[in-house]
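Text of structure-v1.pdb, listed as PDB, C-alpha atoms:
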```pdb
ATOM      1  CA  MET J   8       0.000   0.000   0.000
ATOM      2  CA  ARG J   9       1.030   3.605  -0.432
ATOM      3  CA  SER J  10       2.363   5.394   2.631
ATOM      4  CA  GLU J  11      -0.778   7.490   3.132
ATOM      5  CA  VAL J  12      -2.933   4.359   3.514
ATOM      6  CA  PRO J  13      -3.133   3.402   7.217
ATOM      7  CA  THR J  14      -2.405  -0.130   8.368
ATOM      8  CA  LEU J  15      -5.635  -1.901   9.305
ATOM      9  CA  SER J  16      -6.060  -4.266  12.198
ATOM     10  CA  LEU J  17      -6.858  -7.826  11.206
ATOM     11  CA  LYS J  18     -10.488  -7.340  12.233
ATOM     12  CA  GLU J  19     -10.758  -4.121  10.198
ATOM     13  CA  TRP J  20      -9.040  -5.725   7.214
ATOM     14  CA  GLU J  21     -11.408  -8.704   7.198
ATOM     15  CA  ALA J  22     -14.467  -6.444   7.503
ATOM     16  CA  LYS J  23     -13.239  -4.278   4.629
ATOM     17  CA  HIS J  24     -12.836  -7.297   2.348
ATOM     18  CA  GLU J  25     -16.014  -9.122   3.367
ATOM     19  CA  PRO J  26     -18.153  -7.738   0.491
ATOM     20  CA  LEU J  27     -15.609  -9.025  -2.039
ATOM     21  CA  VAL J  28     -15.427 -12.398  -0.313
ATOM     22  CA  ALA J  29     -19.219 -12.618  -0.184
ATOM     23  CA  ALA J  30     -19.390 -11.922  -3.914
ATOM     24  CA  ALA J  31     -16.920 -14.742  -4.551
ATOM     25  CA  VAL J  32     -19.015 -17.116  -2.434
ATOM     26  CA  ASP J  33     -22.129 -16.109  -4.382
ATOM     27  CA  ARG J  34     -20.387 -17.110  -7.616
ATOM     28  CA  VAL J  35     -19.606 -20.656  -6.518
ATOM     29  CA  VAL J  36     -22.560 -21.656  -4.330
ATOM     30  CA  PRO J  37     -24.811 -22.542  -7.300
ATOM     31  CA  TYR J  38     -22.285 -25.154  -8.429
ATOM     32  CA  LEU J  39     -21.911 -26.932  -5.082
ATOM     33  CA  PRO J  40     -24.084 -30.047  -4.827
ATOM     34  CA  GLU J  41     -25.618 -31.128  -1.543
ATOM     35  CA  GLY J  42     -22.981 -32.717   0.658
ATOM     36  CA  GLY J  43     -20.214 -31.537  -1.662
ATOM     37  CA  MET J  44     -16.534 -31.107  -0.859
ATOM     38  CA  PHE J  45     -14.267 -28.131  -1.430
ATOM     39  CA  LEU J  46     -10.652 -27.044  -0.994
ATOM     40  CA  ASP J  47      -9.780 -23.537   0.200
ATOM     41  CA  ILE J  48      -6.173 -22.997  -0.884
ATOM     42  CA  GLY J  49      -4.700 -19.861   0.639
ATOM     43  CA  ALA J  50      -7.355 -19.697   3.337
ATOM     44  CA  ASN J  51      -5.742 -16.889   5.354
ATOM     45  CA  VAL J  52      -8.091 -16.506   8.370
ATOM     46  CA  GLY J  53     -10.904 -18.473   6.732
ATOM     47  CA  ALA J  54     -13.209 -15.659   5.643
ATOM     48  CA  PHE J  55     -14.220 -17.406   2.413
ATOM     49  CA  SER J  56     -14.932 -20.717   4.111
ATOM     50  CA  ARG J  57     -16.804 -19.038   6.958
ATOM     51  CA  LEU J  58     -19.241 -17.399   4.558
ATOM     52  CA  LEU J  59     -19.483 -20.520   2.414
ATOM     53  CA  ARG J  60     -20.354 -22.661   5.429
ATOM     54  CA  GLU J  61     -23.002 -20.134   6.467
ATOM     55  CA  ARG J  62     -24.576 -20.476   3.034
ATOM     56  CA  ARG J  63     -24.014 -24.219   2.697
ATOM     57  CA  PRO J  64     -23.779 -25.958   6.106
ATOM     58  CA  ASP J  65     -23.975 -29.369   4.375
ATOM     59  CA  VAL J  66     -20.617 -29.133   2.576
ATOM     60  CA  ARG J  67     -17.209 -30.321   3.788
ATOM     61  CA  GLY J  68     -13.908 -28.550   3.273
ATOM     62  CA  ILE J  69     -10.152 -28.689   3.743
ATOM     63  CA  LEU J  70      -8.448 -25.333   4.282
ATOM     64  CA  PHE J  71      -4.767 -24.746   3.556
ATOM     65  CA  GLU J  72      -2.889 -21.847   5.142
ATOM     66  CA  PRO J  73       0.930 -21.942   5.350
ATOM     67  CA  VAL J  74       1.568 -18.797   7.436
ATOM     68  CA  ALA J  75       1.672 -19.874  11.081
ATOM     69  CA  LYS J  76      -0.116 -16.787  12.429
ATOM     70  CA  TYR J  77      -3.069 -17.035  10.081
ATOM     71  CA  HIS J  78      -3.242 -20.812  10.295
ATOM     72  CA  ALA J  79      -3.624 -20.548  14.079
ATOM     73  CA  ILE J  80      -6.445 -18.008  13.738
ATOM     74  CA  CYS J  81      -8.140 -20.088  11.065
ATOM     75  CA  ALA J  82      -7.832 -23.307  13.085
ATOM     76  CA  GLU J  83      -9.329 -21.641  16.150
ATOM     77  CA  ARG J  84     -12.207 -20.254  14.082
ATOM     78  CA  PHE J  85     -13.211 -23.718  12.885
ATOM     79  CA  GLN J  86     -12.216 -25.778  15.914
ATOM     80  CA  ASP J  87     -15.835 -26.712  16.648
ATOM     81  CA  ASP J  88     -16.787 -27.388  13.029
ATOM     82  CA  ASP J  89     -16.549 -31.114  12.300
ATOM     83  CA  MET J  90     -17.004 -30.447   8.574
ATOM     84  CA  ILE J  91     -13.800 -28.397   8.286
ATOM     85  CA  GLU J  92     -10.135 -29.389   8.491
ATOM     86  CA  VAL J  93      -7.395 -26.736   8.580
ATOM     87  CA  VAL J  94      -3.912 -27.754   7.383
ATOM     88  CA  ASN J  95      -0.719 -25.738   7.923
ATOM     89  CA  ILE J  96       0.826 -26.148   4.457
ATOM     90  CA  ALA J  97       0.831 -24.465   1.063
ATOM     91  CA  LEU J  98      -0.295 -26.260  -2.071
ATOM     92  CA  GLY J  99       1.330 -25.857  -5.459
ATOM     93  CA  ASP J 100       3.210 -27.853  -8.073
ATOM     94  CA  GLU J 101       6.060 -29.348  -6.032
ATOM     95  CA  ASN J 102       7.006 -30.849  -2.677
ATOM     96  CA  ALA J 103       9.548 -28.645  -0.940
ATOM     97  CA  GLU J 104      10.414 -26.343   1.912
ATOM     98  CA  ARG J 105       9.973 -22.818   0.601
ATOM     99  CA  THR J 106      10.101 -19.205   1.751
ATOM    100  CA  ILE J 107       6.870 -17.257   1.850
ATOM    101  CA  PHE J 108       7.111 -13.471   1.744
ATOM    102  CA  LYS J 109       4.844 -11.375   3.969
ATOM    103  CA  ALA J 110       3.995  -7.656   4.031
ATOM    104  CA  PRO J 111       2.962  -6.850   7.625
ATOM    105  CA  HIS J 112       0.899  -3.827   6.559
ATOM    106  CA  ASN J 113      -1.448  -6.051   4.521
ATOM    107  CA  HIS J 114      -2.751  -9.246   6.129
ATOM    108  CA  GLY J 115      -3.535 -10.715   2.718
ATOM    109  CA  ALA J 116      -0.147  -9.990   1.135
ATOM    110  CA  ASN J 117       1.598 -13.324   1.642
ATOM    111  CA  SER J 118       3.110 -14.879  -1.458
ATOM    112  CA  LEU J 119       5.571 -17.499  -2.668
ATOM    113  CA  VAL J 120       6.261 -15.251  -5.671
ATOM    114  CA  GLU J 121       9.107 -13.046  -4.500
ATOM    115  CA  GLU J 122       8.874 -10.717  -7.498
ATOM    116  CA  ILE J 123       5.382  -9.606  -6.495
ATOM    117  CA  MET J 124       6.469  -8.612  -3.008
ATOM    118  CA  TYR J 125       9.182  -6.302  -4.298
ATOM    119  CA  ASP J 126       7.146  -4.729  -7.101
ATOM    120  CA  ARG J 127       7.590  -0.976  -6.716
ATOM    121  CA  ARG J 128       5.498   0.152  -9.685
ATOM    122  CA  PRO J 129       2.932   2.790  -8.603
ATOM    123  CA  GLU J 130       0.004   0.574  -9.589
ATOM    124  CA  ALA J 131       1.279  -2.215  -7.313
ATOM    125  CA  PHE J 132       0.292  -0.236  -4.197
ATOM    126  CA  VAL J 133       3.461  -1.385  -2.435
ATOM    127  CA  ARG J 134       4.977   1.308  -0.264
ATOM    128  CA  PRO J 135       8.556   2.269  -1.083
ATOM    129  CA  ASP J 136       9.462   1.638   2.566
ATOM    130  CA  THR J 137       7.555  -1.629   2.911
ATOM    131  CA  VAL J 138       9.340  -4.172   5.082
ATOM    132  CA  ILE J 139       9.017  -7.725   3.783
ATOM    133  CA  GLU J 140       9.146 -10.514   6.338
ATOM    134  CA  LYS J 141       9.995 -14.129   5.525
ATOM    135  CA  GLU J 142       8.819 -17.465   6.860
ATOM    136  CA  THR J 143       9.818 -21.011   5.936
ATOM    137  CA  ILE J 144       6.797 -23.121   5.038
ATOM    138  CA  THR J 145       5.979 -26.597   3.747
ATOM    139  CA  LEU J 146       4.782 -26.806   0.144
ATOM    140  CA  ARG J 147       3.004 -29.873  -1.247
ATOM    141  CA  ARG J 148       1.981 -30.707  -4.793
ATOM    142  CA  VAL J 149      -1.815 -30.695  -4.892
ATOM    143  CA  ALA J 150      -2.117 -34.026  -6.693
ATOM    144  CA  ASP J 151       0.196 -35.757  -4.212
ATOM    145  CA  PHE J 152      -1.743 -34.487  -1.211
ATOM    146  CA  LEU J 153      -5.051 -35.631  -2.693
ATOM    147  CA  ASP J 154      -3.663 -39.021  -3.669
ATOM    148  CA  GLU J 155      -2.217 -39.587  -0.202
ATOM    149  CA  ARG J 156      -5.568 -38.762   1.347
ATOM    150  CA  GLY J 157      -7.400 -41.056  -1.054
ATOM    151  CA  ILE J 158      -9.542 -38.164  -2.291
ATOM    152  CA  GLU J 159     -11.089 -39.120  -5.612
ATOM    153  CA  SER J 160     -13.762 -36.434  -5.980
ATOM    154  CA  LEU J 161     -14.002 -32.694  -5.400
ATOM    155  CA  ASP J 162     -16.734 -30.218  -6.263
ATOM    156  CA  LEU J 163     -14.943 -26.882  -5.769
ATOM    157  CA  VAL J 164     -11.377 -25.643  -5.498
ATOM    158  CA  LYS J 165     -10.846 -22.036  -4.448
ATOM    159  CA  SER J 166      -7.296 -20.719  -4.852
ATOM    160  CA  ASP J 167      -6.114 -17.332  -3.568
ATOM    161  CA  THR J 168      -2.335 -17.416  -3.342
ATOM    162  CA  GLU J 169      -1.186 -13.960  -4.417
ATOM    163  CA  GLY J 170       0.208 -14.719  -7.850
ATOM    164  CA  TYR J 171       1.070 -18.377  -7.183
ATOM    165  CA  ASP J 172      -2.260 -19.708  -8.434
ATOM    166  CA  TYR J 173      -0.693 -20.887 -11.686
ATOM    167  CA  ALA J 174       1.264 -23.426  -9.592
ATOM    168  CA  VAL J 175      -1.921 -24.562  -7.824
ATOM    169  CA  LEU J 176      -3.525 -25.170 -11.214
ATOM    170  CA  ASP J 177      -0.435 -27.015 -12.451
ATOM    171  CA  GLY J 178      -0.328 -29.029  -9.248
ATOM    172  CA  ILE J 179      -3.901 -30.302  -9.384
ATOM    173  CA  ARG J 180      -3.967 -31.024 -13.121
ATOM    174  CA  PRO J 181      -2.371 -34.520 -12.860
ATOM    175  CA  TRP J 182      -5.058 -35.516 -10.331
ATOM    176  CA  ILE J 183      -7.817 -34.284 -12.651
ATOM    177  CA  GLN J 184      -6.296 -36.201 -15.538
ATOM    178  CA  ARG J 185      -6.043 -39.376 -13.455
ATOM    179  CA  THR J 186      -9.461 -39.282 -11.782
ATOM    180  CA  GLY J 187     -11.501 -37.634 -14.539
ATOM    181  CA  CYS J 188     -13.066 -35.440 -11.850
ATOM    182  CA  GLN J 189     -13.451 -31.820 -12.954
ATOM    183  CA  PRO J 190     -14.216 -29.567  -9.997
ATOM    184  CA  VAL J 191     -15.289 -25.965 -10.422
ATOM    185  CA  LEU J 192     -12.252 -23.731  -9.913
ATOM    186  CA  LEU J 193     -12.260 -20.204  -8.511
ATOM    187  CA  ALA J 194      -8.722 -18.912  -8.995
ATOM    188  CA  GLU J 195      -7.174 -15.535  -8.331
ATOM    189  CA  VAL J 196      -5.345 -14.191 -11.364
ATOM    190  CA  LEU J 197      -3.466 -11.021 -12.253
ATOM    191  CA  GLN J 198      -3.864  -8.952 -15.375
ATOM    192  CA  GLU J 199      -1.383 -10.037 -17.983
ATOM    193  CA  ASP J 200       0.592  -6.798 -18.027
ATOM    194  CA  PHE J 201       0.895  -6.916 -14.227
ATOM    195  CA  HIS J 202       1.846 -10.508 -13.362
ATOM    196  CA  PRO J 203       5.645 -10.903 -13.171
ATOM    197  CA  LEU J 204       5.262 -14.574 -14.199
ATOM    198  CA  VAL J 205       2.584 -14.010 -16.809
ATOM    199  CA  ASP J 206       3.834 -16.786 -19.096
ATOM    200  CA  LYS J 207       3.303 -19.353 -16.341
ATOM    201  CA  GLN J 208      -0.166 -18.011 -15.559
ATOM    202  CA  ARG J 209      -1.123 -18.055 -19.248
ATOM    203  CA  ALA J 210       0.178 -21.601 -19.730
ATOM    204  CA  ALA J 211      -1.627 -22.908 -16.644
ATOM    205  CA  LEU J 212      -4.948 -21.490 -17.810
ATOM    206  CA  GLU J 213      -4.445 -22.758 -21.353
ATOM    207  CA  ALA J 214      -3.842 -26.267 -20.028
ATOM    208  CA  PHE J 215      -7.231 -26.167 -18.291
ATOM    209  CA  PHE J 216      -8.993 -24.971 -21.418
ATOM    210  CA  GLU J 217      -7.478 -27.989 -23.170
ATOM    211  CA  LEU J 218      -8.782 -30.225 -20.344
ATOM    212  CA  GLY J 219     -12.338 -29.209 -21.175
ATOM    213  CA  TYR J 220     -12.873 -26.079 -19.109
ATOM    214  CA  GLY J 221     -14.588 -23.081 -20.651
ATOM    215  CA  ARG J 222     -12.253 -20.418 -21.962
ATOM    216  CA  VAL J 223     -11.913 -17.119 -20.101
ATOM    217  CA  ASP J 224     -10.084 -13.939 -21.066
ATOM    218  CA  VAL J 225      -8.207 -12.684 -18.018
ATOM    219  CA  ASP J 226      -8.025  -9.017 -18.988
ATOM    220  CA  GLU J 227     -11.713  -8.940 -19.956
ATOM    221  CA  GLU J 228     -12.765 -10.723 -16.741
ATOM    222  CA  LEU J 229     -10.890  -8.367 -14.394
ATOM    223  CA  ASN J 230     -11.831  -4.780 -13.702
ATOM    224  CA  TRP J 231      -8.631  -4.170 -11.745
ATOM    225  CA  LEU J 232      -5.159  -5.644 -11.516
ATOM    226  CA  VAL J 233      -6.127  -8.650  -9.402
ATOM    227  CA  GLY J 234      -9.321 -10.679  -9.345
ATOM    228  CA  ASP J 235     -10.938 -14.084  -9.583
ATOM    229  CA  VAL J 236     -11.844 -16.141 -12.627
ATOM    230  CA  LEU J 237     -14.394 -18.944 -12.454
ATOM    231  CA  LEU J 238     -13.264 -21.962 -14.436
ATOM    232  CA  LEU J 239     -16.211 -24.205 -15.275
ATOM    233  CA  PRO J 240     -16.054 -27.547 -17.052
ATOM    234  CA  ARG J 241     -17.835 -27.134 -20.365
ATOM    235  CA  GLY J 242     -21.471 -28.122 -19.982
ATOM    236  CA  ARG J 243     -21.504 -27.653 -16.197
ATOM    237  CA  ALA J 244     -24.698 -25.999 -14.992
ATOM    238  CA  ALA J 245     -25.697 -24.766 -11.545
ATOM    239  CA  ASN J 246     -26.071 -27.281  -8.715
ATOM    240  CA  GLY J 247     -23.398 -29.474 -10.264
ATOM    241  CA  SER J 248     -25.654 -30.817 -13.020
ATOM    242  CA  ALA J 249     -24.915 -30.986 -16.713
ATOM    243  CA  GLU J 250     -26.502 -28.556 -19.115
ATOM    244  CA  ALA J 251     -29.121 -29.978 -21.418
ATOM    245  CA  GLU J 252     -27.871 -30.735 -24.901
TER     246      GLU J 252
END
```
Show how you would write the structure in this file as structure tokens.
Amino acid sequence: MRSEVPTLSLKEWEAKHEPLVAAAVDRVVPYLPEGGMFLDIGANVGAFSRLLRERRPDVRGILFEPVAKYHAICAERFQDDDMIEVVNIALGDENAERTIFKAPHNHGANSLVEEIMYDRRPEAFVRPDTVIEKETITLRRVADFLDERGIESLDLVKSDTEGYDYAVLDGIRPWIQRTGCQPVLLAEVLQEDFHPLVDKQRAALEAFFELGYGRVDVDEELNWLVGDVLLLPRGRAANGSAEAE
């Protein structure tokens, strides 16, 4: 953020973003079948899953948050919810110990993409004097995690990983190819002239279009630098059903 923008408390930050999170939940709820299962990758403090569970108390979810501080808050929030599991790892396209970069002034600015955290272009809203903190985290390939858990079906995958979503898409693709399951995907993306790893983002999306997901145009979908795209398997209608031919 620019220097004139005050740092918000975590409570203030979550309240400020709740309308955006609620809009994201509204987009995916029609595609969740009764008793469905979802993944929340980059859960932060669990705002998305909290609202989703309020709307759909019948669904089950696994939340992934690698930053220790936010994982602890998220785990406490859902400690009495038997339908939710909170895991202290990141998901992507490899199995490794990695460094995650954190901007203390913005509770949502935690990324495995180092270039994003040091972007000093005016439109990046990163203060010239921003201090970047680092934390070592565990990263797992999505497909490996799902295979180890014996998970063969998913209805929704939400990914919000601050520019690393291309790796989440790459990491789950082998599982989709093996199982034939095509969950609805809500993924955060960056406009093409803004993402420092735009070629990787473009390639990850193209691979999903080739898998049978409807094509989206990132720059037409977004009305700002960062936003969500909804990737739907072709023919998928609301409530998880297939569209009539």
| Which polymer residues have any atom within 8 Å of an atom of segment 52-55 of chain J, counting all atoms listed in the file, with same-chain residues fewer than 6 positions away left out, as number ranges by chain? | J: 21, 25, 28-29, 31-32, 70, 77-78, 80-81, 84
Give me a file of those residues, with C-alpha atoms, as a CSV table (one decimal), keeping the file's coordinate frame.
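Wrote it out as part_37.csv, contents follow:
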```csv
chain,number,residue,atom,x,y,z
J,21,GLU,CA,-11.4,-8.7,7.2
J,25,GLU,CA,-16.0,-9.1,3.4
J,28,VAL,CA,-15.4,-12.4,-0.3
J,29,ALA,CA,-19.2,-12.6,-0.2
J,31,ALA,CA,-16.9,-14.7,-4.6
J,32,VAL,CA,-19.0,-17.1,-2.4
J,70,LEU,CA,-8.4,-25.3,4.3
J,77,TYR,CA,-3.1,-17.0,10.1
J,78,HIS,CA,-3.2,-20.8,10.3
J,80,ILE,CA,-6.4,-18.0,13.7
J,81,CYS,CA,-8.1,-20.1,11.1
J,84,ARG,CA,-12.2,-20.3,14.1
```
| task | Report the residues retrieved by the PyMOL selection byres ((chain J and resi 154-160) around 8) from the displayed file, expressed as a PyMOL selection string. | result | chain J and resi 44+150-153+161-162+182+186+188+190
| field | Test item: the PyMOL selection byres ((chain J and resi 72) around 8) resolved as a ChimeraX atom specification | value | /J:48-51,70-71,73-75,77-78,93-97
| Expanded to explicit residues, what is the PyMOL selection byres ((chain J and resi 122) around 12) for this file, as a PyMOL selection string? | chain J and resi 107-108+117-121+123-128+131+133+139+169-171+201-205
| task | Identify which of the residues J:Leu27, J:Ala211, J:Val225, J:Ile69 lies closest to Leu197 of chain J, counting all atoms listed in the file when measuring atom-to-atom distances. | result | J:Val225
| message | Considering all atoms listed in the file, can you say which of J:Arg241, J:Lys141, J:Lys76, J:Lys207 comes closest to Val223 of chain J? | response |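 Looking only at the distances to Val223 of chain J, the closest residue turns out to be J:Arg241.
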| remark: Taken to one decimal, the atom CA of Ile144 of chain J-atom CA of Gln86 of chain J distance is 22.1 Å
| request: Tell me, as a ChimeraX atom specification, which residues lie within 7 Å of Leu238 of chain J, counting only C-alpha atoms; anything in the same chain fewer than 5 positions away does not count. | output: /J:191-193,220-221
| Polymer residues at most 12 Å from Ser16 of chain J, all atoms listed in the file, same-chain spacing of 2 or more positions, as a PyMOL selection string | chain J and resi 13-14+18-23+111-115
| Between atom CA of Leu212 of chain J and atom CA of Pro37 of chain J, distance in Å (one decimal) |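 Distance reported for this atom pair: 22.5 Å.
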| request: Can you work out the spacing between atom CA of Asp87 of chain J and atom CA of Arg63 of chain J in Å, to one decimal? | output: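 Going from atom CA of Asp87 of chain J over to atom CA of Arg63 of chain J, I get 16.4 Å.
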| message | Counting all atoms listed in the file, which residue out of J:Ala79, J:Gly242, J:Asp47, J:Val36 sits closest to Thr168 of chain J? | response |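 When distances to Thr168 of chain J are compared using all atoms listed in the file, the smallest one comes from J:Asp47.
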Using only C-alpha atoms, determine which residues lie at most 9 Å from Gly219 of chain J, disregarding the query and same-chain residues fewer than 4 positions distant; provide the list as an mmCIF file with C-alpha atoms, in the coordinates of the input.
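Writing the result to around.cif gives the following:
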```
data_model
loop_
_atom_site.group_PDB
_atom_site.id
_atom_site.type_symbol
_atom_site.label_atom_id
_atom_site.label_comp_id
_atom_site.auth_asym_id
_atom_site.auth_seq_id
_atom_site.Cartn_x
_atom_site.Cartn_y
_atom_site.Cartn_z
ATOM 1 C CA GLN J 189 -13.451 -31.820 -12.954
ATOM 2 C CA PHE J 215 -7.231 -26.167 -18.291
ATOM 3 C CA LEU J 239 -16.211 -24.205 -15.275
ATOM 4 C CA PRO J 240 -16.054 -27.547 -17.052
ATOM 5 C CA ARG J 241 -17.835 -27.134 -20.365
#
```
| task | Identify the residues around (-9.6, -14.5, -11.4) within a radius of 6 Å, measuring from only C-alpha atoms in the coordinates stated by the file, and give them as a ChimeraX atom specification. | result | /J:194-196,234-236
| message | Please determine, counting all atoms listed in the file, which residue among J:Val138, J:Leu39, J:Ala214, J:Leu176 has the shortest atom-to-atom distance to Arg67 of chain J. | response |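 Ranking J:Val138, J:Leu39, J:Ala214, J:Leu176 by distance to Arg67 of chain J, first place goes to J:Leu39.
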